[in-house]
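Colleague: Attaching a single structure in structure tokens format; questions to follow.
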Amino acid sequence: MSCFNLLTGMISKPSVNDFGAISFQSQLNPFPNLDSLRSSRSRRSKFSTLPSIRNGLRELRGRIETVKNTQKITEAMKLVAAAKCQLEDVEVPLTAIRPVKRVALVVITGDRGLCGGFNNAILKKAEARIAALKSLGLDCTLISVGKKGNAYFQRRANVDVERFVEGDSFPTSKEAQVIADDVFSLFLTEEVDKVELLYTKFVSLIKSDPVIHTLLPLSAKGEACDVNGESVDASEDEFFRLTTKEGKLTVERDHIMGRKKANLLLNYQFEQDPAQILDALMPLYLNSQILRALQESYASELAARMNAMSNATENAVELKRSLSIAYNRERQAKITGEILEIVAGAEALR
């Protein structure tokens, strides 16, 4: 009887919770089915990565609430860290704002005459700016670009000129790079605290305006001030804003007088270090600004010369007409006088 009971216990179907019976039966079967082994192994590998949660409903709800609270804390820490990264100041030499004691003026004039009041207008603008800086107690030095400006400032013994630059007939990036190198050297060595660009802005073929544009320091936070905290920016100083119009990038031009202070939106993220990006982009930006000023000044010079030559042509035509009328009158008067002399001689002979 005992043997029979042992036998039936060994061959009877084990229950799900009877792990001992399962293990005993597997020991009795030395050659298990290969397909069953593969399926069980795949099921174990599929679910082995998932953690086994053997808690009740109350414990699971508690763990869910704990995970939610932890998620809120980590998300808040992420936002704080991102805000600190965005508000971190980037130290770039070209953006260093310091009390202004000395200003460098880059004055762009033409290389030739016969262009009306083109050169005189920008030279008067430069003289007015020099006088304004001296009235504020600031020193200034000049970088003169163009033969006409060079000849003018060479006769001015009371004006400090750092360098005279004479370029080709058409402005090139090489000429702009020469000026940019001088500007960088003066600003980075702290020989000057601000650099301004004076050139003639091309508006249309019949209009051009001499303007002042601040090159250095590059700052989006405000104006440059002297040691007393007073602004040294020109009232008509212009600045440029990169924006989009109809889905295309465009540049808007504005002036200090019409500028409204607004909060800057820091919505851009870059993979590289900000200082590395700015060190690479700022020299290119300044070079392009100088090249643009040279090209606008050259276009304004050509437009002024075209208008001057057009006016000169019209004056020549009008003068020719007036001289022709005067010549015909003189000729007619001379012929009339000769006829009168002939008639008078004929009458005398009778």
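The way I read the labels, and the way they are meant: chains A, B, ... in the order of the structure tokens, residue 1 as the first residue of every chain, and ligand 1 as the first ligand shown, with later ones counted on from there.
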Find the spatial neighbours of segment 184-191 of chain A, counting only C-alpha atoms, within a cut-off of 9 Å - ignore same-chain residues fewer than 3 positions away - and output them as a short mmCIF file (atom, residue, chain, number, x, y, z; two decimals) with N, CA and C atoms, in the first residue's frame.
Modeller:
data_model
loop_
_atom_site.label_atom_id
_atom_site.label_comp_id
_atom_site.auth_asym_id
_atom_site.auth_seq_id
_atom_site.Cartn_x
_atom_site.Cartn_y
_atom_site.Cartn_z
N PRO A 93 35.99 88.98 -25.40
CA PRO A 93 36.67 90.29 -25.36
C PRO A 93 35.97 91.38 -26.15
N LEU A 94 35.34 91.03 -27.28
CA LEU A 94 34.71 92.05 -28.11
C LEU A 94 33.41 92.57 -27.52
N ARG A 102 38.40 106.81 -24.25
CA ARG A 102 38.95 107.14 -25.57
C ARG A 102 38.14 106.41 -26.63
N VAL A 103 37.85 107.11 -27.72
CA VAL A 103 36.99 106.59 -28.78
C VAL A 103 37.77 106.62 -30.09
N ALA A 104 37.64 105.56 -30.86
CA ALA A 104 38.23 105.49 -32.20
C ALA A 104 37.13 105.70 -33.24
N ILE A 179 41.11 97.04 -42.11
CA ILE A 179 40.50 97.97 -41.15
C ILE A 179 40.08 97.22 -39.89
N ALA A 180 39.51 96.03 -40.06
CA ALA A 180 39.06 95.26 -38.90
C ALA A 180 40.23 94.87 -38.00
N ASP A 181 41.38 94.54 -38.58
CA ASP A 181 42.55 94.19 -37.77
C ASP A 181 43.00 95.37 -36.92
N LYS A 194 35.83 102.34 -27.20
CA LYS A 194 34.68 102.30 -28.09
C LYS A 194 35.15 102.62 -29.50
N VAL A 195 34.52 101.97 -30.48
CA VAL A 195 34.86 102.19 -31.89
C VAL A 195 33.58 102.54 -32.63
N LEU A 216 32.21 98.59 -31.85
CA LEU A 216 32.60 97.93 -30.62
C LEU A 216 32.37 98.87 -29.44
N PRO A 217 31.97 98.33 -28.29
CA PRO A 217 31.75 96.90 -28.02
C PRO A 217 30.41 96.41 -28.55
N PRO A 283 34.26 88.20 -35.24
CA PRO A 283 35.14 88.81 -36.24
C PRO A 283 34.55 88.80 -37.64
#
Colleague: If you run DSSP over the backbone, which residues in segment 126-217 of chain A end up strand (DSSP E)? Put them as JSON, numbers by chain.
Modeller: {"A": [139, 140, 141, 142, 143, 144, 145, 161, 162, 163, 164, 165, 194, 195, 196, 197, 198, 199, 200, 201, 202, 203, 204, 207, 208, 209, 210, 211, 212, 213, 214, 215, 216]}
Colleague: Using only C-alpha atoms, find the one residue out of A:Glu65, A:Asp273, A:Glu196, A:Glu75 that sits nearest to Val92 of chain A.
Modeller: A:Asp273
Colleague: List the neighbours of Glu301 of chain A out to 12 Å using only C-alpha atoms; skip same-chain residues closer than 5 positions along the sequence, and give me the result as JSON, numbers by chain.
Modeller: {"A": [108, 109, 110, 111, 112, 113, 114, 115, 116, 117, 118, 119, 120, 121, 122, 146, 148, 169, 170, 199, 200, 201, 202, 203, 204, 205, 206, 207, 208, 209, 210, 294, 295, 296, 306, 307, 308, 309]}
Colleague: For the residues in that selection, give me N, CA and C atoms as an mmCIF file, in the first residue's frame.
Modeller:
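Everything below was put into out.cif:
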data_model
loop_
_atom_site.group_PDB
_atom_site.id
_atom_site.type_symbol
_atom_site.label_atom_id
_atom_site.label_comp_id
_atom_site.auth_asym_id
_atom_site.auth_seq_id
_atom_site.Cartn_x
_atom_site.Cartn_y
_atom_site.Cartn_z
ATOM 1 N N ILE A 108 35.052 107.033 -43.347
ATOM 2 C CA ILE A 108 35.147 106.538 -44.724
ATOM 3 C C ILE A 108 34.757 107.656 -45.678
ATOM 4 N N THR A 109 35.683 108.039 -46.536
ATOM 5 C CA THR A 109 35.432 109.055 -47.560
ATOM 6 C C THR A 109 35.729 108.454 -48.931
ATOM 7 N N GLY A 110 35.605 109.287 -49.958
ATOM 8 C CA GLY A 110 35.848 108.831 -51.316
ATOM 9 C C GLY A 110 37.295 109.020 -51.727
ATOM 10 N N ASP A 111 37.630 108.411 -52.840
ATOM 11 C CA ASP A 111 38.986 108.541 -53.388
ATOM 12 C C ASP A 111 39.080 109.602 -54.470
ATOM 13 N N ARG A 112 37.964 110.061 -54.981
ATOM 14 C CA ARG A 112 37.966 111.026 -56.083
ATOM 15 C C ARG A 112 36.983 112.140 -55.778
ATOM 16 N N GLY A 113 37.147 113.216 -56.523
ATOM 17 C CA GLY A 113 36.236 114.341 -56.390
ATOM 18 C C GLY A 113 35.143 114.294 -57.437
ATOM 19 N N LEU A 114 34.638 115.479 -57.785
ATOM 20 C CA LEU A 114 33.564 115.611 -58.773
ATOM 21 C C LEU A 114 32.341 114.783 -58.383
ATOM 22 N N CYS A 115 32.008 114.800 -57.096
ATOM 23 C CA CYS A 115 30.835 114.059 -56.620
ATOM 24 C C CYS A 115 29.962 114.944 -55.725
ATOM 25 N N GLY A 116 29.929 116.216 -56.051
ATOM 26 C CA GLY A 116 29.063 117.118 -55.296
ATOM 27 C C GLY A 116 29.567 117.317 -53.871
ATOM 28 N N GLY A 117 28.632 117.300 -52.917
ATOM 29 C CA GLY A 117 28.976 117.493 -51.513
ATOM 30 C C GLY A 117 29.156 116.197 -50.753
ATOM 31 N N PHE A 118 29.474 115.113 -51.461
ATOM 32 C CA PHE A 118 29.597 113.804 -50.812
ATOM 33 C C PHE A 118 30.686 113.807 -49.744
ATOM 34 N N ASN A 119 31.898 114.176 -50.118
ATOM 35 C CA ASN A 119 33.006 114.159 -49.169
ATOM 36 C C ASN A 119 32.864 115.223 -48.091
ATOM 37 N N ASN A 120 32.371 116.386 -48.458
ATOM 38 C CA ASN A 120 32.203 117.453 -47.469
ATOM 39 C C ASN A 120 31.201 117.066 -46.385
ATOM 40 N N ALA A 121 30.158 116.333 -46.759
ATOM 41 C CA ALA A 121 29.128 115.967 -45.784
ATOM 42 C C ALA A 121 29.686 115.026 -44.719
ATOM 43 N N ILE A 122 30.433 114.009 -45.127
ATOM 44 C CA ILE A 122 30.959 113.064 -44.147
ATOM 45 C C ILE A 122 32.075 113.694 -43.323
ATOM 46 N N GLY A 146 40.181 106.402 -47.395
ATOM 47 C CA GLY A 146 39.855 107.178 -48.585
ATOM 48 C C GLY A 146 40.847 108.319 -48.785
ATOM 49 N N LYS A 148 40.492 111.327 -50.134
ATOM 50 C CA LYS A 148 40.004 112.663 -49.798
ATOM 51 C C LYS A 148 40.069 112.908 -48.293
ATOM 52 N N SER A 169 39.706 100.590 -56.175
ATOM 53 C CA SER A 169 38.561 101.330 -56.691
ATOM 54 C C SER A 169 37.254 100.765 -56.149
ATOM 55 N N PHE A 170 37.193 99.417 -56.041
ATOM 56 C CA PHE A 170 35.984 98.778 -55.520
ATOM 57 C C PHE A 170 36.302 98.112 -54.187
ATOM 58 N N TYR A 199 30.186 106.684 -41.997
ATOM 59 C CA TYR A 199 30.141 106.439 -43.434
ATOM 60 C C TYR A 199 28.873 107.054 -44.002
ATOM 61 N N THR A 200 28.745 107.011 -45.305
ATOM 62 C CA THR A 200 27.580 107.560 -45.988
ATOM 63 C C THR A 200 26.640 106.424 -46.347
ATOM 64 N N LYS A 201 25.459 106.453 -45.770
ATOM 65 C CA LYS A 201 24.465 105.401 -46.010
ATOM 66 C C LYS A 201 23.753 105.649 -47.333
ATOM 67 N N PHE A 202 23.687 104.610 -48.134
ATOM 68 C CA PHE A 202 23.001 104.707 -49.427
ATOM 69 C C PHE A 202 21.506 104.521 -49.209
ATOM 70 N N VAL A 203 20.728 105.544 -49.552
ATOM 71 C CA VAL A 203 19.281 105.478 -49.429
ATOM 72 C C VAL A 203 18.652 105.241 -50.802
ATOM 73 N N SER A 204 19.006 106.070 -51.756
ATOM 74 C CA SER A 204 18.513 105.916 -53.127
ATOM 75 C C SER A 204 19.510 106.609 -54.045
ATOM 76 N N LEU A 205 19.203 106.611 -55.318
ATOM 77 C CA LEU A 205 20.098 107.249 -56.276
ATOM 78 C C LEU A 205 20.149 108.757 -56.118
ATOM 79 N N ILE A 206 19.156 109.320 -55.444
ATOM 80 C CA ILE A 206 19.126 110.772 -55.284
ATOM 81 C C ILE A 206 19.285 111.200 -53.827
ATOM 82 N N LYS A 207 19.526 110.227 -52.941
ATOM 83 C CA LYS A 207 19.645 110.582 -51.531
ATOM 84 C C LYS A 207 20.642 109.664 -50.844
ATOM 85 N N SER A 208 21.480 110.252 -50.004
ATOM 86 C CA SER A 208 22.417 109.509 -49.165
ATOM 87 C C SER A 208 22.660 110.324 -47.904
ATOM 88 N N ASP A 209 22.804 109.638 -46.782
ATOM 89 C CA ASP A 209 22.928 110.305 -45.489
ATOM 90 C C ASP A 209 24.190 109.845 -44.778
ATOM 91 N N PRO A 210 24.989 110.771 -44.251
ATOM 92 C CA PRO A 210 26.119 110.374 -43.394
ATOM 93 C C PRO A 210 25.603 109.918 -42.030
ATOM 94 N N LEU A 294 31.739 100.114 -46.405
ATOM 95 C CA LEU A 294 32.555 100.515 -47.552
ATOM 96 C C LEU A 294 31.754 100.472 -48.849
ATOM 97 N N GLN A 295 30.969 99.432 -49.008
ATOM 98 C CA GLN A 295 30.185 99.300 -50.238
ATOM 99 C C GLN A 295 29.069 100.338 -50.308
ATOM 100 N N GLU A 296 28.415 100.600 -49.181
ATOM 101 C CA GLU A 296 27.373 101.638 -49.191
ATOM 102 C C GLU A 296 27.979 103.003 -49.459
ATOM 103 N N MET A 306 27.074 110.623 -60.130
ATOM 104 C CA MET A 306 26.120 110.570 -61.230
ATOM 105 C C MET A 306 25.192 111.782 -61.196
ATOM 106 N N ASN A 307 24.714 112.108 -60.007
ATOM 107 C CA ASN A 307 23.838 113.278 -59.896
ATOM 108 C C ASN A 307 24.598 114.562 -60.191
ATOM 109 N N ALA A 308 25.851 114.645 -59.702
ATOM 110 C CA ALA A 308 26.642 115.845 -59.958
ATOM 111 C C ALA A 308 26.927 116.000 -61.446
ATOM 112 N N MET A 309 27.279 114.888 -62.106
ATOM 113 C CA MET A 309 27.547 114.963 -63.542
ATOM 114 C C MET A 309 26.271 115.223 -64.337
#
